[in-house]
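K.L.:
Coordinates in final-v4.cif, mmCIF, C-alpha atoms, are listed below.
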data_start
loop_
_atom_site.label_atom_id
_atom_site.label_comp_id
_atom_site.auth_asym_id
_atom_site.auth_seq_id
_atom_site.Cartn_x
_atom_site.Cartn_y
_atom_site.Cartn_z
CA MET J 1 -24.47 34.62 -10.36
CA SER J 2 -26.90 36.70 -12.34
CA LYS J 3 -26.39 40.43 -12.40
CA HIS J 4 -28.16 42.60 -9.91
CA PHE J 5 -31.27 44.54 -10.78
CA LEU J 6 -32.88 47.48 -9.10
CA ARG J 7 -35.81 46.18 -7.03
CA PRO J 8 -39.03 48.00 -6.11
CA PRO J 9 -38.79 50.21 -3.01
CA ALA J 10 -38.78 48.50 0.41
CA ALA J 11 -37.47 45.22 -1.03
CA VAL J 12 -35.68 43.02 1.50
CA PRO J 13 -32.00 42.23 0.76
CA GLU J 14 -31.47 40.45 -2.57
CA ALA J 15 -30.71 36.92 -1.31
CA GLU J 16 -33.79 36.93 0.92
CA PHE J 17 -35.83 38.63 -1.78
CA LEU J 18 -35.25 35.76 -4.20
CA GLY J 19 -36.58 33.31 -1.62
CA ARG J 20 -39.48 35.44 -0.45
CA CYS J 21 -40.87 36.85 -3.68
CA ILE J 22 -43.56 34.52 -5.02
CA ARG J 23 -43.43 36.10 -8.51
CA CYS J 24 -47.12 37.08 -8.34
CA GLY J 25 -46.61 40.36 -10.20
CA LYS J 26 -48.88 42.35 -7.90
CA CYS J 27 -46.37 45.13 -7.31
CA ALA J 28 -46.10 45.68 -11.07
CA LEU J 29 -49.90 45.94 -11.26
CA ALA J 30 -49.89 48.53 -8.49
CA CYS J 31 -47.25 50.79 -10.08
CA PRO J 32 -49.01 53.81 -11.65
CA TYR J 33 -45.86 54.65 -13.64
CA ARG J 34 -45.41 51.11 -15.00
CA ALA J 35 -41.83 51.38 -13.76
CA ILE J 36 -41.93 47.91 -12.16
CA ARG J 37 -41.33 45.35 -14.90
CA ILE J 38 -41.52 41.57 -14.73
CA ALA J 39 -38.09 40.04 -15.39
CA GLY J 40 -38.01 37.43 -18.12
CA LEU J 41 -35.95 34.33 -18.72
CA LEU J 42 -33.37 36.40 -20.62
CA ASP J 43 -32.69 38.36 -17.43
CA GLY J 44 -31.63 35.12 -15.73
CA LEU J 45 -33.45 32.04 -14.47
CA GLU J 46 -33.00 33.13 -10.88
CA VAL J 47 -34.74 36.47 -11.33
CA MET J 48 -37.34 35.33 -13.87
CA GLY J 49 -40.78 36.51 -12.84
CA THR J 50 -39.51 38.90 -10.18
CA PRO J 51 -40.10 42.66 -10.28
CA ILE J 52 -37.27 44.83 -11.57
CA ILE J 53 -36.89 48.51 -12.33
CA ARG J 54 -34.91 49.70 -15.33
CA ALA J 55 -34.28 53.21 -14.08
CA ARG J 56 -32.87 54.58 -17.34
CA GLN J 57 -36.20 53.77 -19.05
CA SER J 58 -38.55 54.33 -16.16
CA PRO J 59 -37.44 55.11 -12.60
CA CYS J 60 -39.25 54.79 -9.28
CA TYR J 61 -41.16 57.92 -8.24
CA LEU J 62 -41.35 56.69 -4.63
CA CYS J 63 -45.16 56.68 -4.39
CA LEU J 64 -44.81 53.38 -2.47
CA LYS J 65 -48.16 52.08 -3.75
CA CYS J 66 -46.55 48.71 -4.51
CA VAL J 67 -45.41 48.10 -0.92
CA PRO J 68 -48.63 47.39 1.06
CA GLY J 69 -49.95 44.99 -1.61
CA CYS J 70 -47.03 42.58 -1.46
CA PRO J 71 -48.48 39.34 -0.05
CA SER J 72 -45.21 37.66 0.83
CA GLY J 73 -43.19 40.26 2.72
CA ALA J 74 -40.64 40.52 -0.08
CA LEU J 75 -41.48 44.24 0.09
CA ASP J 76 -41.25 45.31 3.71
CA SER J 77 -44.53 46.99 4.69
CA ARG J 78 -42.80 48.77 7.59
CA VAL J 79 -41.35 51.16 5.03
CA LYS J 80 -43.85 54.03 4.92
CA LYS J 81 -41.81 57.10 4.00
CA ARG J 82 -39.64 57.60 0.97
CA GLU J 83 -36.69 58.61 3.15
CA GLN J 84 -36.67 55.04 4.53
CA VAL J 85 -36.24 53.51 1.07
CA ARG J 86 -32.83 51.97 0.24
CA MET J 87 -33.10 50.65 -3.32
CA GLY J 88 -29.50 51.47 -4.02
CA ILE J 89 -27.08 54.36 -4.23
CA ALA J 90 -26.48 56.60 -7.20
CA ARG J 91 -22.93 56.86 -8.45
CA ILE J 92 -21.55 59.54 -10.75
CA ASN J 93 -19.13 58.60 -13.48
CA ARG J 94 -17.08 61.81 -13.55
CA LYS J 95 -15.54 61.00 -16.92
CA GLU J 96 -19.02 60.98 -18.52
CA CYS J 97 -20.74 63.66 -16.43
CA LEU J 98 -21.20 66.86 -18.43
CA THR J 99 -20.65 69.15 -15.45
CA TRP J 100 -17.58 67.32 -14.24
CA GLN J 101 -16.25 67.59 -17.81
CA GLY J 102 -16.85 71.31 -17.95
CA THR J 103 -20.31 71.75 -19.54
CA PHE J 104 -22.82 73.11 -17.08
CA CYS J 105 -25.75 70.77 -16.35
CA ARG J 106 -27.82 70.23 -13.25
CA SER J 107 -30.46 67.76 -14.41
CA CYS J 108 -29.80 65.19 -11.67
CA TYR J 109 -29.58 67.82 -8.98
CA ASP J 110 -32.83 69.48 -10.08
CA HIS J 111 -34.84 66.29 -10.44
CA CYS J 112 -33.75 64.48 -7.30
CA PRO J 113 -36.89 63.95 -5.13
CA LEU J 114 -34.77 64.45 -2.00
CA PHE J 115 -33.85 67.85 -3.32
CA ASN J 116 -30.50 69.24 -2.24
CA GLU J 117 -30.09 66.35 0.19
CA ALA J 118 -29.25 63.22 -1.80
CA ILE J 119 -27.49 65.18 -4.55
CA THR J 120 -25.74 68.38 -3.62
CA MET J 121 -23.50 70.79 -5.49
CA ASP J 122 -19.90 71.19 -4.47
CA SER J 123 -18.11 74.57 -4.32
CA GLU J 124 -17.58 74.46 -8.09
CA LEU J 125 -21.27 73.58 -8.75
CA ARG J 126 -20.54 69.95 -9.63
CA PRO J 127 -23.08 67.30 -8.49
CA VAL J 128 -22.07 65.03 -5.60
CA VAL J 129 -24.11 62.12 -4.24
CA ASN J 130 -24.72 62.02 -0.52
CA GLU J 131 -24.68 58.27 0.12
CA LYS J 132 -26.39 58.65 3.48
CA LYS J 133 -29.46 60.29 1.93
CA CYS J 134 -29.69 58.72 -1.53
CA VAL J 135 -32.58 56.20 -1.71
CA GLY J 136 -31.69 54.84 -5.16
CA CYS J 137 -34.92 55.73 -6.95
CA GLY J 138 -33.07 56.24 -10.26
CA ILE J 139 -34.76 59.47 -11.31
CA CYS J 140 -31.28 61.02 -11.78
CA GLU J 141 -30.30 58.10 -14.03
CA HIS J 142 -33.50 58.60 -16.01
CA VAL J 143 -32.99 62.31 -16.63
CA CYS J 144 -29.21 62.36 -17.22
CA PRO J 145 -28.64 63.84 -20.70
CA ALA J 146 -25.30 62.07 -21.25
CA ASP J 147 -25.44 59.40 -23.96
CA SER J 148 -25.20 56.53 -21.53
CA ALA J 149 -26.25 57.85 -18.16
CA ALA J 150 -23.32 59.35 -16.29
CA ILE J 151 -25.15 58.80 -13.02
CA THR J 152 -26.40 55.26 -12.36
CA VAL J 153 -27.90 53.53 -9.36
CA ILE J 154 -25.94 50.64 -7.90
CA PRO J 155 -28.69 48.29 -6.65
CA GLY J 156 -28.94 47.53 -2.95
CA GLY J 157 -26.13 49.95 -2.24
CA ALA J 158 -23.98 46.84 -2.41
CA GLY J 159 -21.25 48.57 -4.37
CA MET X 1 -78.79 21.75 -16.93
CA LYS X 2 -75.60 20.09 -17.96
CA ILE X 3 -72.61 20.52 -15.70
CA ALA X 4 -70.57 21.45 -18.76
CA GLN X 5 -72.60 24.61 -19.42
CA LEU X 6 -72.12 25.84 -15.87
CA ARG X 7 -68.45 24.97 -15.97
CA ARG X 8 -67.82 26.70 -19.29
CA THR X 9 -69.43 29.82 -17.85
CA VAL X 10 -67.12 29.75 -14.81
CA GLN X 11 -64.10 29.11 -17.05
CA LEU X 12 -64.96 32.04 -19.29
CA LEU X 13 -65.55 34.32 -16.30
CA SER X 14 -62.16 33.30 -14.90
CA LEU X 15 -60.44 34.14 -18.18
CA ALA X 16 -62.34 37.43 -18.38
CA GLY X 17 -61.30 38.26 -14.82
CA MET X 18 -57.69 37.45 -15.60
CA VAL X 19 -57.72 40.04 -18.39
CA ALA X 20 -59.94 42.56 -16.60
CA VAL X 21 -57.83 42.80 -13.43
CA PRO X 22 -54.67 44.20 -15.09
CA LEU X 23 -56.80 46.38 -17.39
CA LEU X 24 -58.56 47.93 -14.39
CA ASN X 25 -55.39 48.11 -12.28
CA SER X 26 -53.62 49.97 -15.07
CA ARG X 27 -56.37 52.60 -14.83
CA GLY X 28 -55.93 52.94 -11.08
CA ILE X 29 -58.88 50.75 -10.08
CA ASN X 30 -57.35 48.39 -7.53
CA ALA X 31 -60.33 46.82 -5.74
CA VAL X 32 -59.19 43.47 -7.12
CA SER X 33 -55.53 42.93 -7.87
CA GLY X 34 -53.12 40.06 -8.36
CA SER X 35 -52.81 36.89 -10.36
CA PHE X 36 -53.42 33.17 -10.05
CA TYR X 37 -50.47 33.07 -7.64
CA SER X 38 -52.13 35.39 -5.19
CA VAL X 39 -55.12 37.66 -5.53
CA GLU X 40 -56.52 40.37 -3.28
CA ILE X 41 -60.26 40.97 -3.43
CA GLY X 42 -61.05 44.05 -1.38
CA ARG X 43 -59.15 43.26 1.80
CA LEU X 44 -59.36 39.50 1.35
CA LEU X 45 -56.08 37.92 0.29
CA LEU X 46 -56.22 34.50 -1.40
CA THR X 47 -53.01 32.64 -2.22
CA ASP X 48 -52.39 29.35 -3.98
CA PRO X 49 -51.38 26.94 -1.14
CA LEU X 50 -48.36 25.69 -3.10
CA ILE X 51 -47.14 29.25 -3.63
CA ALA X 52 -47.86 30.28 -0.04
CA ILE X 53 -45.64 27.63 1.57
CA GLN X 54 -42.64 28.52 -0.61
CA PRO X 55 -41.27 31.45 1.44
CA LEU X 56 -41.62 29.25 4.54
CA LEU X 57 -39.45 26.56 2.97
CA ALA X 58 -37.08 28.96 1.24
CA THR X 59 -36.39 31.34 4.13
CA MET X 60 -37.41 29.25 7.15
CA THR X 61 -39.48 32.06 8.57
CA ILE X 62 -43.21 31.99 9.21
CA ASP X 63 -45.31 34.63 7.50
CA ALA X 64 -48.72 34.19 9.15
CA THR X 65 -50.57 36.51 6.77
CA LEU X 66 -49.35 34.67 3.71
CA LEU X 67 -50.06 31.22 5.14
CA ALA X 68 -53.52 32.31 6.34
CA SER X 69 -54.32 33.54 2.85
CA ALA X 70 -54.01 29.96 1.59
CA LEU X 71 -56.69 28.68 3.99
CA ILE X 72 -59.72 29.52 1.85
CA PRO X 73 -58.30 27.93 -1.35
CA ALA X 74 -57.23 24.89 0.67
CA GLY X 75 -60.64 24.73 2.34
CA LEU X 76 -62.36 24.92 -1.03
CA ALA X 77 -60.31 21.94 -2.19
CA LEU X 78 -61.14 20.11 1.03
CA VAL X 79 -64.88 20.51 0.41
CA LEU X 80 -65.21 20.49 -3.39
CA GLY X 81 -62.04 18.74 -4.55
CA ARG X 82 -59.73 20.17 -7.18
CA VAL X 83 -62.41 22.37 -8.73
CA PHE X 84 -59.83 25.14 -9.10
CA CYS X 85 -58.17 22.96 -11.75
CA SER X 86 -61.24 22.03 -13.72
CA TRP X 87 -63.40 25.12 -13.29
CA VAL X 88 -60.93 28.02 -13.03
CA CYS X 89 -57.35 27.26 -14.14
CA PRO X 90 -56.58 28.85 -17.54
CA GLN X 91 -54.07 26.10 -18.37
CA ASN X 92 -56.78 23.47 -18.00
CA THR X 93 -59.13 25.52 -20.17
CA LEU X 94 -56.41 25.78 -22.81
CA SER X 95 -55.48 22.09 -22.56
CA GLU X 96 -59.12 21.02 -22.71
CA LEU X 97 -59.67 23.11 -25.80
CA SER X 98 -56.57 21.85 -27.62
CA ASP X 99 -57.43 18.27 -26.63
CA ALA X 100 -60.93 18.66 -28.06
CA VAL X 101 -59.52 20.13 -31.29
CA GLY X 102 -56.82 17.43 -31.47
CA THR X 103 -59.40 14.69 -30.99
CA ARG X 104 -61.63 16.15 -33.68
CA LEU X 105 -58.69 16.24 -36.08
CA GLY X 106 -58.03 12.57 -35.35
CA GLY X 107 -54.87 12.95 -33.30
CA ARG X 108 -53.60 9.72 -31.76
CA ARG X 109 -52.18 10.00 -28.27
CA PHE X 110 -51.96 7.59 -25.42
CA PHE X 111 -52.48 7.91 -21.72
CA ALA X 112 -49.57 7.54 -19.33
CA PRO X 113 -49.14 3.91 -18.25
CA THR X 114 -49.67 4.71 -14.57
CA PRO X 115 -53.10 6.19 -13.92
CA GLY X 116 -52.38 6.69 -10.21
CA PRO X 117 -51.11 9.73 -8.32
CA LEU X 118 -47.58 8.38 -7.79
CA VAL X 119 -45.93 10.53 -10.47
CA ARG X 120 -47.66 13.72 -9.37
CA TYR X 121 -46.69 13.36 -5.71
CA THR X 122 -43.09 12.51 -6.63
CA VAL X 123 -42.82 15.61 -8.82
CA LEU X 124 -44.32 17.77 -6.06
CA ALA X 125 -41.93 16.35 -3.46
CA VAL X 126 -38.89 17.00 -5.67
CA ILE X 127 -39.96 20.60 -6.34
CA LEU X 128 -40.53 21.34 -2.65
CA ALA X 129 -37.24 19.65 -1.73
CA ILE X 130 -35.40 21.93 -4.16
CA THR X 131 -37.12 24.96 -2.61
CA LEU X 132 -36.03 23.80 0.84
CA LEU X 133 -32.43 23.00 -0.17
CA TYR X 134 -31.69 25.96 -2.43
CA GLY X 135 -34.03 28.59 -0.97
CA PHE X 136 -35.51 29.07 -4.41
CA PRO X 137 -39.27 29.22 -5.12
CA LEU X 138 -39.16 26.83 -8.07
CA ALA X 139 -42.91 26.16 -8.05
CA SER X 140 -43.58 29.78 -9.00
CA LEU X 141 -41.76 29.13 -12.28
CA LEU X 142 -43.82 25.98 -12.82
CA SER X 143 -47.28 27.29 -11.98
CA ALA X 144 -48.97 27.35 -15.38
CA PRO X 145 -51.98 29.41 -14.22
CA GLY X 146 -49.64 31.85 -12.48
CA ILE X 147 -47.48 32.25 -15.57
CA ILE X 148 -50.45 32.72 -17.88
CA SER X 149 -51.99 35.39 -15.65
CA VAL X 150 -48.75 37.29 -14.98
CA GLN X 151 -47.80 37.24 -18.65
CA THR X 152 -51.27 38.52 -19.56
CA ALA X 153 -50.68 41.39 -17.15
CA ARG X 154 -47.19 41.94 -18.56
CA PHE X 155 -48.60 42.12 -22.06
CA ILE X 156 -51.17 44.70 -20.98
CA TYR X 157 -48.60 46.78 -19.06
CA GLU X 158 -45.45 46.43 -21.13
CA GLY X 159 -46.68 45.23 -24.53
CA THR X 160 -44.29 42.27 -24.38
CA VAL X 161 -44.40 38.72 -23.06
CA GLY X 162 -41.65 36.55 -21.60
CA LEU X 163 -40.09 33.25 -22.60
CA GLU X 164 -41.96 31.69 -19.67
CA LEU X 165 -44.75 31.10 -22.17
CA VAL X 166 -42.50 28.45 -23.74
CA LEU X 167 -43.60 26.23 -20.85
CA ILE X 168 -47.25 26.74 -21.75
CA GLY X 169 -46.58 25.99 -25.42
CA GLY X 170 -44.51 22.95 -24.44
CA ILE X 171 -47.35 21.63 -22.30
CA ILE X 172 -49.84 21.97 -25.14
CA LEU X 173 -47.51 20.26 -27.64
CA ALA X 174 -46.62 17.44 -25.24
CA GLU X 175 -50.29 16.86 -24.50
CA LEU X 176 -51.21 16.89 -28.17
CA PHE X 177 -48.43 14.67 -29.48
CA LEU X 178 -47.08 12.65 -26.56
CA VAL X 179 -49.19 11.82 -23.54
CA ARG X 180 -52.76 12.99 -23.38
CA ARG X 181 -53.36 15.68 -20.70
CA VAL X 182 -50.03 14.79 -19.08
CA TRP X 183 -49.52 18.13 -17.34
CA CYS X 184 -52.82 18.40 -15.49
CA ASN X 185 -52.98 14.68 -14.86
CA HIS X 186 -49.44 13.92 -13.72
CA LEU X 187 -47.07 16.86 -13.49
CA CYS X 188 -48.68 20.13 -12.39
CA PRO X 189 -47.46 20.94 -8.84
CA VAL X 190 -50.36 23.35 -8.24
CA GLY X 191 -52.90 20.58 -8.75
CA SER X 192 -50.83 18.07 -6.78
CA MET X 193 -50.73 20.39 -3.79
CA LEU X 194 -54.49 20.95 -3.97
CA SER X 195 -55.14 17.21 -4.14
CA LEU X 196 -53.42 16.80 -0.76
CA PHE X 197 -56.35 18.65 0.81
CA ARG X 198 -58.94 15.90 0.84
CA PHE X 199 -60.68 13.66 3.32
CA LYS X 200 -63.44 11.13 3.07
CA LYS X 201 -66.21 13.74 2.78
CA THR X 202 -64.55 15.65 -0.08
CA MET X 203 -66.87 15.95 -3.06
CA ARG X 204 -66.18 13.27 -5.65
CA VAL X 205 -67.79 11.32 -8.48
CA VAL X 206 -69.62 8.28 -7.15
CA MET X 207 -71.23 5.45 -9.10
CA ALA X 208 -74.34 3.68 -7.82
CA GLU X 209 -73.58 -0.03 -7.74
CA GLU X 210 -77.10 -1.41 -7.58
CA GLY X 211 -80.80 -0.62 -7.26
CA GLU X 212 -82.77 1.67 -9.52
CA HIS X 213 -79.69 3.83 -10.20
CA ALA X 214 -77.43 0.93 -11.18
CA CYS X 215 -74.83 1.47 -13.91
CA ILE X 216 -75.67 0.10 -17.34
CA HIS X 217 -71.97 -0.40 -18.26
CA CYS X 218 -72.05 1.69 -21.43
CA ARG X 219 -68.54 3.09 -20.79
CA GLU X 220 -69.59 6.57 -21.99
CA CYS X 221 -68.18 8.06 -18.77
CA ALA X 222 -64.70 6.67 -19.34
CA LYS X 223 -64.77 7.82 -22.97
CA ALA X 224 -65.72 11.33 -21.89
CA CYS X 225 -62.83 11.68 -19.43
CA GLN X 226 -59.89 13.60 -20.89
CA LEU X 227 -57.70 12.41 -18.04
CA GLY X 228 -58.22 8.77 -18.97
CA LEU X 229 -59.97 7.87 -15.72
CA ASN X 230 -62.68 5.25 -15.52
CA PRO X 231 -65.45 6.03 -13.01
CA MET X 232 -66.71 2.44 -13.41
CA GLY X 233 -63.40 1.13 -12.14
CA GLY X 234 -63.70 2.27 -8.53
CA GLU X 235 -61.61 4.91 -6.75
CA ILE X 236 -60.57 7.74 -9.09
CA ALA X 237 -60.47 10.50 -6.49
CA PRO X 238 -56.85 11.73 -6.26
CA GLN X 239 -56.55 12.12 -10.03
CA CYS X 240 -60.10 13.27 -10.78
CA HIS X 241 -60.55 17.06 -10.68
CA ASN X 242 -64.34 17.03 -10.59
CA CYS X 243 -64.98 18.49 -14.03
CA GLY X 244 -68.20 16.47 -14.31
CA ALA X 245 -67.74 15.43 -17.95
CA CYS X 246 -68.41 11.79 -17.01
CA ILE X 247 -71.63 12.71 -15.22
CA ASP X 248 -72.87 14.64 -18.25
CA ALA X 249 -72.00 11.72 -20.56
CA CYS X 250 -73.71 9.31 -18.19
CA GLN X 251 -76.90 11.32 -18.04
CA GLU X 252 -76.94 11.62 -21.80
CA MET X 253 -76.97 7.83 -22.01
CA THR X 254 -79.09 6.85 -19.02
CA GLY X 255 -81.49 9.76 -18.66
CA GLU X 256 -83.30 9.76 -15.31
CA ARG X 257 -81.44 6.72 -14.08
CA ARG X 258 -78.32 8.75 -13.16
CA PRO X 259 -75.84 6.13 -11.97
CA LEU X 260 -73.06 8.75 -11.70
CA SER X 261 -73.23 11.84 -9.54
CA PHE X 262 -71.21 14.16 -7.31
CA ARG X 263 -71.39 13.09 -3.69
CA PHE X 264 -69.84 14.30 -0.46
#
Would you kindly transcribe this structure into structure tokens?
P.N.:
Amino acid sequence: MSKHFLRPPAAVPEAEFLGRCIRCGKCALACPYRAIRIAGLLDGLEVMGTPIIRARQSPCYLCLKCVPGCPSGALDSRVKKREQVRMGIARINRKECLTWQGTFCRSCYDHCPLFNEAITMDSELRPVVNEKKCVGCGICEHVCPADSAAITVIPGGAG
Amino acid sequence: MKIAQLRRTVQLLSLAGMVAVPLLNSRGINAVSGSFYSVEIGRLLLTDPLIAIQPLLATMTIDATLLASALIPAGLALVLGRVFCSWVCPQNTLSELSDAVGTRLGGRRFFAPTPGPLVRYTVLAVILAITLLYGFPLASLLSAPGIISVQTARFIYEGTVGLELVLIGGIILAELFLVRRVWCNHLCPVGSMLSLFRFKKTMRVVMAEEGEHACIHCRECAKACQLGLNPMGGEIAPQCHNCGACIDACQEMTGERRPLSFRF
């Protein structure tokens, strides 16, 4: 089993996605941020040619321009609002997180597009992910100042 | 005018389009977008028939929009034959070019022993069976025009290309040193799928048997064919992709007599 990648917003569940996606690359062409990359053979034969997002390098800004162009239904065109997106769920590694280790930082909290909803501050001003609201866009992972991001998106919310 | 001149023009325009689409898309101009898998022109969606049936086989659900988008390409094949292959496909353009260079340099290759369509339909059936059994769109990884166009876009967007291009390089090498034009002639699933869309009125190369147009048996047509087909030998239709090289060669030799021509 190849490892899971973050998919463009509105992607159907991974197993169905691999069968539905025709590898045409149109979603990548539509992405104004060039966040959608085409997976290569090194990423695994199964995912080769499919669109992936490497959030640490370039996250999804939830413009949803890729969704209506998908010809095969691998991206579900019923998803119209960013709140409906479920790319994955961000998870904080408290051992790496600056704030949780005592240095004040609120990069993820400040940059989250679902401001003060998907990432909130607890009573001691430490960031906490609200799994019900997080859409998995990866902007928090992109902006995290820790050496290797202390907040990462688990694709598909699968755990 | 020679068919070759017209065809070269279409081939060059196709290549130019393949580069222009990602260049324009990357600047936010999206009137035309996509690749040789599937392309959207304005609101018109066109999908390679082979690619379009994959989700149906892989997920066993019917996506009417996707299947409908394959109707125009399939209809084009039904009327004009596999002109996508010979007039548009970048792999064919590349293979044709390398074959011409190889021939000029005196390369010695042979044609596959079976000139018929048996190999191509077997390969197609195996690929589609794998898609059905494993739910995996294998043909997408084997569509040479698709790979070339997507990797061109990837290069423009990301500045890198993928190892998928190994397939393209492998095709060129195999065609140069093993079997002449083996991919387009015997293996390519895209072409095999398109060649299923034909009936007795589909455009094809026809030779006049007798009368004022009768063939003079110079064999120039067979020599001109990169696929190793012989228009003088009767039915060549399922393998022939209507490039017209034989007709040009024939006219060169026979002038106004024109034994060979495209007919419906």
K.L.:
Could you state which residues are captured by the PyMOL selection byres ((chain J) within 9 of (chain X)) in this file, as a count of residues only?
P.N.:
31
K.L.:
Quick check, in Å to one decimal: how far apart do atom CA of Cys108 of chain J and atom CA of Leu6 of chain J lie?
P.N.:
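Answer for the atom CA of Cys108 of chain J to atom CA of Leu6 of chain J separation: 18.2 Å.
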K.L.:
If the PyMOL selection byres ((chain J and resi 115) around 12) is run on the structure shown, which residues does it catch, given as a JSON list (two decimals) with C-alpha atoms, in the coordinates of the input?
P.N.:
[["chain", "number", "residue", "atom", "x", "y", "z"],
["J", 83, "GLU", "CA", -36.69, 58.61, 3.15],
["J", 106, "ARG", "CA", -27.82, 70.23, -13.25],
["J", 107, "SER", "CA", -30.46, 67.76, -14.41],
["J", 108, "CYS", "CA", -29.80, 65.19, -11.67],
["J", 109, "TYR", "CA", -29.58, 67.82, -8.98],
["J", 110, "ASP", "CA", -32.83, 69.48, -10.08],
["J", 111, "HIS", "CA", -34.84, 66.29, -10.44],
["J", 112, "CYS", "CA", -33.75, 64.48, -7.30],
["J", 113, "PRO", "CA", -36.89, 63.95, -5.13],
["J", 114, "LEU", "CA", -34.77, 64.45, -2.00],
["J", 116, "ASN", "CA", -30.50, 69.24, -2.24],
["J", 117, "GLU", "CA", -30.09, 66.35, 0.19],
["J", 118, "ALA", "CA", -29.25, 63.22, -1.80],
["J", 119, "ILE", "CA", -27.49, 65.18, -4.55],
["J", 120, "THR", "CA", -25.74, 68.38, -3.62],
["J", 121, "MET", "CA", -23.50, 70.79, -5.49],
["J", 127, "PRO", "CA", -23.08, 67.30, -8.49],
["J", 129, "VAL", "CA", -24.11, 62.12, -4.24],
["J", 130, "ASN", "CA", -24.72, 62.02, -0.52],
["J", 133, "LYS", "CA", -29.46, 60.29, 1.93],
["J", 134, "CYS", "CA", -29.69, 58.72, -1.53],
["J", 135, "VAL", "CA", -32.58, 56.20, -1.71],
["J", 139, "ILE", "CA", -34.76, 59.47, -11.31],
["J", 140, "CYS", "CA", -31.28, 61.02, -11.78]]
K.L.:
Quick one, how far is atom CA of Ile151 of chain J from atom CA of Arg7 of chain J?
P.N.:
17.6 Å
K.L.:
Report the distance between atom CA of His4 of chain J and atom CA of Thr152 of chain X in Å, rounded to one decimal place.
P.N.:
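Separating atom CA of His4 of chain J from atom CA of Thr152 of chain X is a distance of 25.4 Å.
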K.L.:
Could you tell me which residues the PyMOL selection byres ((chain X and resi 234-238) around 12) grabs in this file, written as a compact mmCIF listing (two decimals) with C-alpha atoms, in the coordinates of the input?
P.N.:
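The result, stored in part.txt:
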# COMPACT_ATOMS: atom_id res chain seq x y z
CA ALA X 77 -60.31 21.94 -2.19
CA LEU X 78 -61.14 20.11 1.03
CA LEU X 80 -65.21 20.49 -3.39
CA GLY X 81 -62.04 18.74 -4.55
CA ARG X 82 -59.73 20.17 -7.18
CA PRO X 115 -53.10 6.19 -13.92
CA GLY X 116 -52.38 6.69 -10.21
CA PRO X 117 -51.11 9.73 -8.32
CA LEU X 118 -47.58 8.38 -7.79
CA VAL X 119 -45.93 10.53 -10.47
CA ARG X 120 -47.66 13.72 -9.37
CA TYR X 121 -46.69 13.36 -5.71
CA ASN X 185 -52.98 14.68 -14.86
CA HIS X 186 -49.44 13.92 -13.72
CA GLY X 191 -52.90 20.58 -8.75
CA SER X 192 -50.83 18.07 -6.78
CA MET X 193 -50.73 20.39 -3.79
CA LEU X 194 -54.49 20.95 -3.97
CA SER X 195 -55.14 17.21 -4.14
CA LEU X 196 -53.42 16.80 -0.76
CA PHE X 197 -56.35 18.65 0.81
CA ARG X 198 -58.94 15.90 0.84
CA PHE X 199 -60.68 13.66 3.32
CA LYS X 200 -63.44 11.13 3.07
CA LYS X 201 -66.21 13.74 2.78
CA THR X 202 -64.55 15.65 -0.08
CA MET X 203 -66.87 15.95 -3.06
CA ARG X 204 -66.18 13.27 -5.65
CA VAL X 205 -67.79 11.32 -8.48
CA VAL X 206 -69.62 8.28 -7.15
CA MET X 207 -71.23 5.45 -9.10
CA ALA X 208 -74.34 3.68 -7.82
CA GLU X 209 -73.58 -0.03 -7.74
CA ALA X 222 -64.70 6.67 -19.34
CA CYS X 225 -62.83 11.68 -19.43
CA LEU X 227 -57.70 12.41 -18.04
CA GLY X 228 -58.22 8.77 -18.97
CA LEU X 229 -59.97 7.87 -15.72
CA ASN X 230 -62.68 5.25 -15.52
CA PRO X 231 -65.45 6.03 -13.01
CA MET X 232 -66.71 2.44 -13.41
CA GLY X 233 -63.40 1.13 -12.14
CA GLN X 239 -56.55 12.12 -10.03
CA CYS X 240 -60.10 13.27 -10.78
CA HIS X 241 -60.55 17.06 -10.68
CA ASN X 242 -64.34 17.03 -10.59
CA CYS X 243 -64.98 18.49 -14.03
CA CYS X 246 -68.41 11.79 -17.01
CA LEU X 260 -73.06 8.75 -11.70
CA PHE X 262 -71.21 14.16 -7.31
CA ARG X 263 -71.39 13.09 -3.69
CA PHE X 264 -69.84 14.30 -0.46
K.L.:
Pick the closest to Cys63 of chain J from J:Leu98, J:Ala146, J:Phe5, J:Val85: which is it, counting all atoms listed in the file?
P.N.:
J:Val85
K.L.:
Please, what is the axis-aligned box for every listed atom of segment 22-37 of chain J with 6 Å on each side, as centre and edge lengths in Å to one decimal, as lines of an AutoDock Vina configuration file?
P.N.:
center_x = -45.6
center_y = 44.6
center_z = -10.0
size_x = 20.6
size_y = 32.1
size_z = 22.0
K.L.:
Of the candidates X:Pro90, X:Pro145, X:Gly75, X:Gly244, which one gets nearest to Gln226 of chain X if we count only C-alpha atoms?
P.N.:
X:Gly244
K.L.:
With all atoms listed in the file counted, which protein, DNA or RNA residues have an atom no more than 9 Å from (-56.6, 24.6, -14.1) in the file frame? Please answer as a VMD selection string.
P.N.:
chain X and resid 82 to 95 144 to 145 184 190 to 191
K.L.:
Using all atoms listed in the file, pick whichever of J:Met87, J:Val128, J:Ile36, J:Cys60 has the shortest atom-to-atom distance to Pro155 of chain J.
P.N.:
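Using all atoms listed in the file, the shortest distance to Pro155 of chain J belongs to J:Met87.
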